[in-house]
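Written out below as structure tokens is the structure these notes cover.
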Amino acid sequence: MMGPAPQPKEGGRNSSNHSAHLPFEGIFRDIVTTSASTRNLTLLSRPFRSAGMLESLLKQLGFQMQVVQISRGPLHGHLAATRSAGGLLLQLTTNQCLSCSGSRNQRWLAIALEQTNNLEMHRLRGEPVQPCSVQGFNRNLTESIWQVSPHSHLSLLVIPVQRILDLIALDPSSTLQEVIDTSNVVTFQPSHFQNLKTFLLSSEIHGYAARNALDALLVECFMRPDTISTAGIQLSNRAELMQDLLNYGFSNPSEAISLKDLSKSMLKSSSSIAKASREQFGVSPIQLLKQIRLQQVQNLLMDRERQQQLGTQSISSIAKRFGFTAPNHFARDFRIMFGESPRETFSRTAA
């Protein structure tokens with residue numbers, strides 16, 4: 001589901017973490033050549049309090065993703081990454097809805113599943129996520145577009161495609177290759193899904209026999225699925241429209257926002273944009289664009305180095321940079337979105 005993504009946007013990212021940003025190729029080589037007995041299995045385990053912080057953590061793992069906080073309120077999340085079963089296992093928890101997009105590397109296959117029952121706002125390439133399903137494994141897709149619900153726990157396992165091809169070679173008559181080539185969502189039998197969920201959270205996945213155990217589970221699950229879906233392989237018009245809306249928000253950080261101008265720029269009717277935005281994100285397109293700008297302000301308030309580069313080292317100058325010219329309205333909207341005042345965010349970063 002993940003890979004290199006769009007270039008950094010105006011407003012910068014939280015630079016409080018100074019760990020080296022290793023390329024994914026290097027991390028991957030390290031993972032597949034590291035024995036199960038190696039003590040240092042944990043690559044990263046960090047909390048995050050903003051979408052920008054999550055982007056920075058993902059970047060440390062070689063993933064370039066654009067992350068947007070959709071639901072309003074204080075964000076409390078955690079990202080852990082471990083060497084597990086001959087692959088990279090990510091555990092992402094969040095109390096807010098997050099939308100993520102980027103490009104993906106076709107040399108690796110990602111298998112994602114939700115550990116909780118909170119699927120209401122889950123989306124994969126714009127399509128709702130069904131219970132007992134795994135997603136994101138199609139090896140021919142070049143872009144990653146997904147969204148998680150509030151109070152969710154996403155498990156994401158990244159393994160080399162060649163490993164799946166080796167399993168296919170053991171039984172060329174199997175349907176496994178057809179599944180990874182023609183679909184991107186598979187619904188498993190509940191017992192198989194529960195076995196996989198449990199394994200991804202257990203200490204067993206870090207053990208000596210974890211790779212063989214995982215391979216056996218994957219074969220069992222993928223060979224006897226309940227349903228195989230092609231949903232999202234081809235982005236729907238609605239999904240494309242929402243990606244255009246998000247990109248518009250980051251590309252136009254300070255211009256006045258109106259639905260009429262948005263419709264003209266995106267060559268879509270106002271009603272279709274509004275309907276798709278509410279279905280996908282639960283808010284109007286104008287509200288979504290405002291939230292993206294507030295997030296850009298938050299990112300810059302948390303990045304002192306970027307402030308110095310831009311010569312914007314006051315809250316008011318940062319707010320104006322993103323089109324917020326009424327201080328009281330801006331402070332109110334910021335608090336509603338993030339659960340604290342701009343000054344609290346600014347002061348905490350300076351501490």
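Every chain in the structure tokens takes a letter, A first, then B, and so on in the order presented; its residues are numbered from 1, and the ligands are numbered from 1 following the presented order.
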Residue contacts of His78 of chain A (6 Å, only C-alpha atoms) excluding same-chain residues fewer than 5 positions away, as a PDB file with N, CA and C atoms, in the first residue's frame:
```pdb
ATOM      1  N   ARG A  46       7.090   4.872  17.779  1.00  0.00           N
ATOM      2  CA  ARG A  46       6.955   6.263  18.186  1.00  0.00           C
ATOM      3  C   ARG A  46       5.496   6.715  18.159  1.00  0.00           C
ATOM      4  N   PRO A  47       5.112   7.575  19.112  1.00  0.00           N
ATOM      5  CA  PRO A  47       3.787   8.203  19.031  1.00  0.00           C
ATOM      6  C   PRO A  47       3.820   9.353  18.033  1.00  0.00           C
ATOM      7  N   PHE A  48       2.658   9.767  17.548  1.00  0.00           N
ATOM      8  CA  PHE A  48       2.577  10.965  16.715  1.00  0.00           C
ATOM      9  C   PHE A  48       1.332  11.749  17.102  1.00  0.00           C
ATOM     10  N   LEU A  92      -0.141   0.492  12.932  1.00  0.00           N
ATOM     11  CA  LEU A  92      -0.555   1.892  12.986  1.00  0.00           C
ATOM     12  C   LEU A  92      -1.854   2.013  13.760  1.00  0.00           C
ATOM     13  N   THR A  93      -1.841   2.764  14.863  1.00  0.00           N
ATOM     14  CA  THR A  93      -3.059   3.037  15.615  1.00  0.00           C
ATOM     15  C   THR A  93      -3.310   4.536  15.607  1.00  0.00           C
TER      16      THR A  93
END
```
Top pick for closest residue to Leu58 of chain A, considering A:Gly102, A:Pro74, A:Gly86, A:Gly282 and counting only C-alpha atoms: A:Gly102
Each residue of segment 197-277 of chain A lying at most 10 Å from segment 155-160 of chain A should get a row with its shortest atom-to-atom pair and the distance in Å to one decimal, counting only C-alpha atoms; could you produce that, ordered by chain and increasing number, as CSV?
```
residue,atom,partner,partner_atom,distance
A:Lys197,CA,A:Ser155,CA,8.2
A:Leu200,CA,A:Ser155,CA,7.2
A:Leu201,CA,A:Ser155,CA,8.4
```
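Contact shell of Asp261 of chain A at 12 Å (only C-alpha atoms; same-chain neighbours under 3 positions omitted): Tyr248, Asn252, Glu255, Ala256, Ile257, Ser258, Lys264, Ser265, Met266, Leu267, Lys268, Ser269, Ser270, Ile273, Pro285 and Ile286 of chain A.
Candidate residues A:Ile233, A:Ile318, A:Met302, A:Met223 were compared for distance to Thr345 of chain A, and the nearest is A:Met302, using only C-alpha atoms.
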Per-residue DSSP, segment 123-211 of chain A, filtered to strand (DSSP E or B), as an MDAnalysis selection string: chainID A and resid 123:124 127:128 133:135 143:148 152:160 185:187
Output N, CA and C atoms for every residue in that selection, as a PDB file, in the first residue's frame.
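Resulting contents of out35.pdb:
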```pdb
ATOM      1  N   ARG A 123     -11.291   3.342   3.724  1.00  0.00           N
ATOM      2  CA  ARG A 123     -11.408   3.329   2.264  1.00  0.00           C
ATOM      3  C   ARG A 123     -10.109   2.783   1.682  1.00  0.00           C
ATOM      4  N   LEU A 124     -10.228   2.049   0.600  1.00  0.00           N
ATOM      5  CA  LEU A 124      -9.076   1.637  -0.193  1.00  0.00           C
ATOM      6  C   LEU A 124      -9.323   2.070  -1.621  1.00  0.00           C
ATOM      7  N   GLU A 127     -12.868   3.057  -2.169  1.00  0.00           N
ATOM      8  CA  GLU A 127     -13.950   2.097  -1.967  1.00  0.00           C
ATOM      9  C   GLU A 127     -14.013   1.656  -0.506  1.00  0.00           C
ATOM     10  N   PRO A 128     -15.228   1.433   0.042  1.00  0.00           N
ATOM     11  CA  PRO A 128     -15.347   0.974   1.430  1.00  0.00           C
ATOM     12  C   PRO A 128     -14.641  -0.367   1.646  1.00  0.00           C
ATOM     13  N   SER A 133     -11.497  -8.726   5.513  1.00  0.00           N
ATOM     14  CA  SER A 133     -10.806  -8.575   4.230  1.00  0.00           C
ATOM     15  C   SER A 133      -9.376  -8.090   4.435  1.00  0.00           C
ATOM     16  N   VAL A 134      -8.511  -8.445   3.492  1.00  0.00           N
ATOM     17  CA  VAL A 134      -7.158  -7.885   3.416  1.00  0.00           C
ATOM     18  C   VAL A 134      -7.080  -7.112   2.112  1.00  0.00           C
ATOM     19  N   GLN A 135      -6.228  -6.101   2.104  1.00  0.00           N
ATOM     20  CA  GLN A 135      -6.218  -5.188   0.973  1.00  0.00           C
ATOM     21  C   GLN A 135      -4.785  -4.792   0.609  1.00  0.00           C
ATOM     22  N   GLU A 143       0.090   3.244  -7.473  1.00  0.00           N
ATOM     23  CA  GLU A 143      -0.259   4.293  -6.523  1.00  0.00           C
ATOM     24  C   GLU A 143      -0.984   3.694  -5.325  1.00  0.00           C
ATOM     25  N   SER A 144      -0.761   4.289  -4.177  1.00  0.00           N
ATOM     26  CA  SER A 144      -1.345   3.820  -2.927  1.00  0.00           C
ATOM     27  C   SER A 144      -2.278   4.888  -2.384  1.00  0.00           C
ATOM     28  N   ILE A 145      -3.562   4.535  -2.202  1.00  0.00           N
ATOM     29  CA  ILE A 145      -4.570   5.483  -1.724  1.00  0.00           C
ATOM     30  C   ILE A 145      -5.434   4.770  -0.693  1.00  0.00           C
ATOM     31  N   TRP A 146      -5.345   5.174   0.574  1.00  0.00           N
ATOM     32  CA  TRP A 146      -6.102   4.492   1.604  1.00  0.00           C
ATOM     33  C   TRP A 146      -6.458   5.449   2.737  1.00  0.00           C
ATOM     34  N   GLN A 147      -7.447   5.056   3.489  1.00  0.00           N
ATOM     35  CA  GLN A 147      -7.970   5.893   4.577  1.00  0.00           C
ATOM     36  C   GLN A 147      -8.379   4.974   5.724  1.00  0.00           C
ATOM     37  N   VAL A 148      -8.051   5.392   6.957  1.00  0.00           N
ATOM     38  CA  VAL A 148      -8.410   4.596   8.131  1.00  0.00           C
ATOM     39  C   VAL A 148      -9.379   5.383   9.010  1.00  0.00           C
ATOM     40  N   SER A 152      -8.826   3.120  15.083  1.00  0.00           N
ATOM     41  CA  SER A 152      -8.512   1.923  14.306  1.00  0.00           C
ATOM     42  C   SER A 152      -7.092   1.449  14.593  1.00  0.00           C
ATOM     43  N   HIS A 153      -6.815   0.236  14.174  1.00  0.00           N
ATOM     44  CA  HIS A 153      -5.490  -0.383  14.314  1.00  0.00           C
ATOM     45  C   HIS A 153      -5.220  -1.158  13.034  1.00  0.00           C
ATOM     46  N   LEU A 154      -4.361  -0.592  12.198  1.00  0.00           N
ATOM     47  CA  LEU A 154      -4.044  -1.208  10.912  1.00  0.00           C
ATOM     48  C   LEU A 154      -2.739  -1.985  11.031  1.00  0.00           C
ATOM     49  N   SER A 155      -2.766  -3.255  10.639  1.00  0.00           N
ATOM     50  CA  SER A 155      -1.555  -4.061  10.510  1.00  0.00           C
ATOM     51  C   SER A 155      -1.194  -4.127   9.032  1.00  0.00           C
ATOM     52  N   LEU A 156       0.063  -3.809   8.708  1.00  0.00           N
ATOM     53  CA  LEU A 156       0.510  -3.776   7.320  1.00  0.00           C
ATOM     54  C   LEU A 156       1.821  -4.548   7.212  1.00  0.00           C
ATOM     55  N   LEU A 157       1.787  -5.631   6.477  1.00  0.00           N
ATOM     56  CA  LEU A 157       2.969  -6.467   6.282  1.00  0.00           C
ATOM     57  C   LEU A 157       3.496  -6.273   4.866  1.00  0.00           C
ATOM     58  N   VAL A 158       4.765  -5.933   4.746  1.00  0.00           N
ATOM     59  CA  VAL A 158       5.405  -5.718   3.445  1.00  0.00           C
ATOM     60  C   VAL A 158       6.426  -6.829   3.228  1.00  0.00           C
ATOM     61  N   ILE A 159       6.252  -7.590   2.155  1.00  0.00           N
ATOM     62  CA  ILE A 159       7.152  -8.698   1.834  1.00  0.00           C
ATOM     63  C   ILE A 159       7.518  -8.613   0.357  1.00  0.00           C
ATOM     64  N   PRO A 160       8.630  -9.233  -0.044  1.00  0.00           N
ATOM     65  CA  PRO A 160       9.013  -9.189  -1.463  1.00  0.00           C
ATOM     66  C   PRO A 160       8.034  -9.962  -2.332  1.00  0.00           C
ATOM     67  N   VAL A 185      -8.468  -6.751  -3.239  1.00  0.00           N
ATOM     68  CA  VAL A 185      -9.189  -6.996  -1.988  1.00  0.00           C
ATOM     69  C   VAL A 185      -9.673  -8.437  -1.980  1.00  0.00           C
ATOM     70  N   VAL A 186      -9.410  -9.141  -0.910  1.00  0.00           N
ATOM     71  CA  VAL A 186      -9.912 -10.503  -0.753  1.00  0.00           C
ATOM     72  C   VAL A 186     -10.569 -10.609   0.621  1.00  0.00           C
ATOM     73  N   THR A 187     -11.767 -11.162   0.646  1.00  0.00           N
ATOM     74  CA  THR A 187     -12.447 -11.443   1.906  1.00  0.00           C
ATOM     75  C   THR A 187     -12.207 -12.897   2.278  1.00  0.00           C
TER      76      THR A 187
END
```
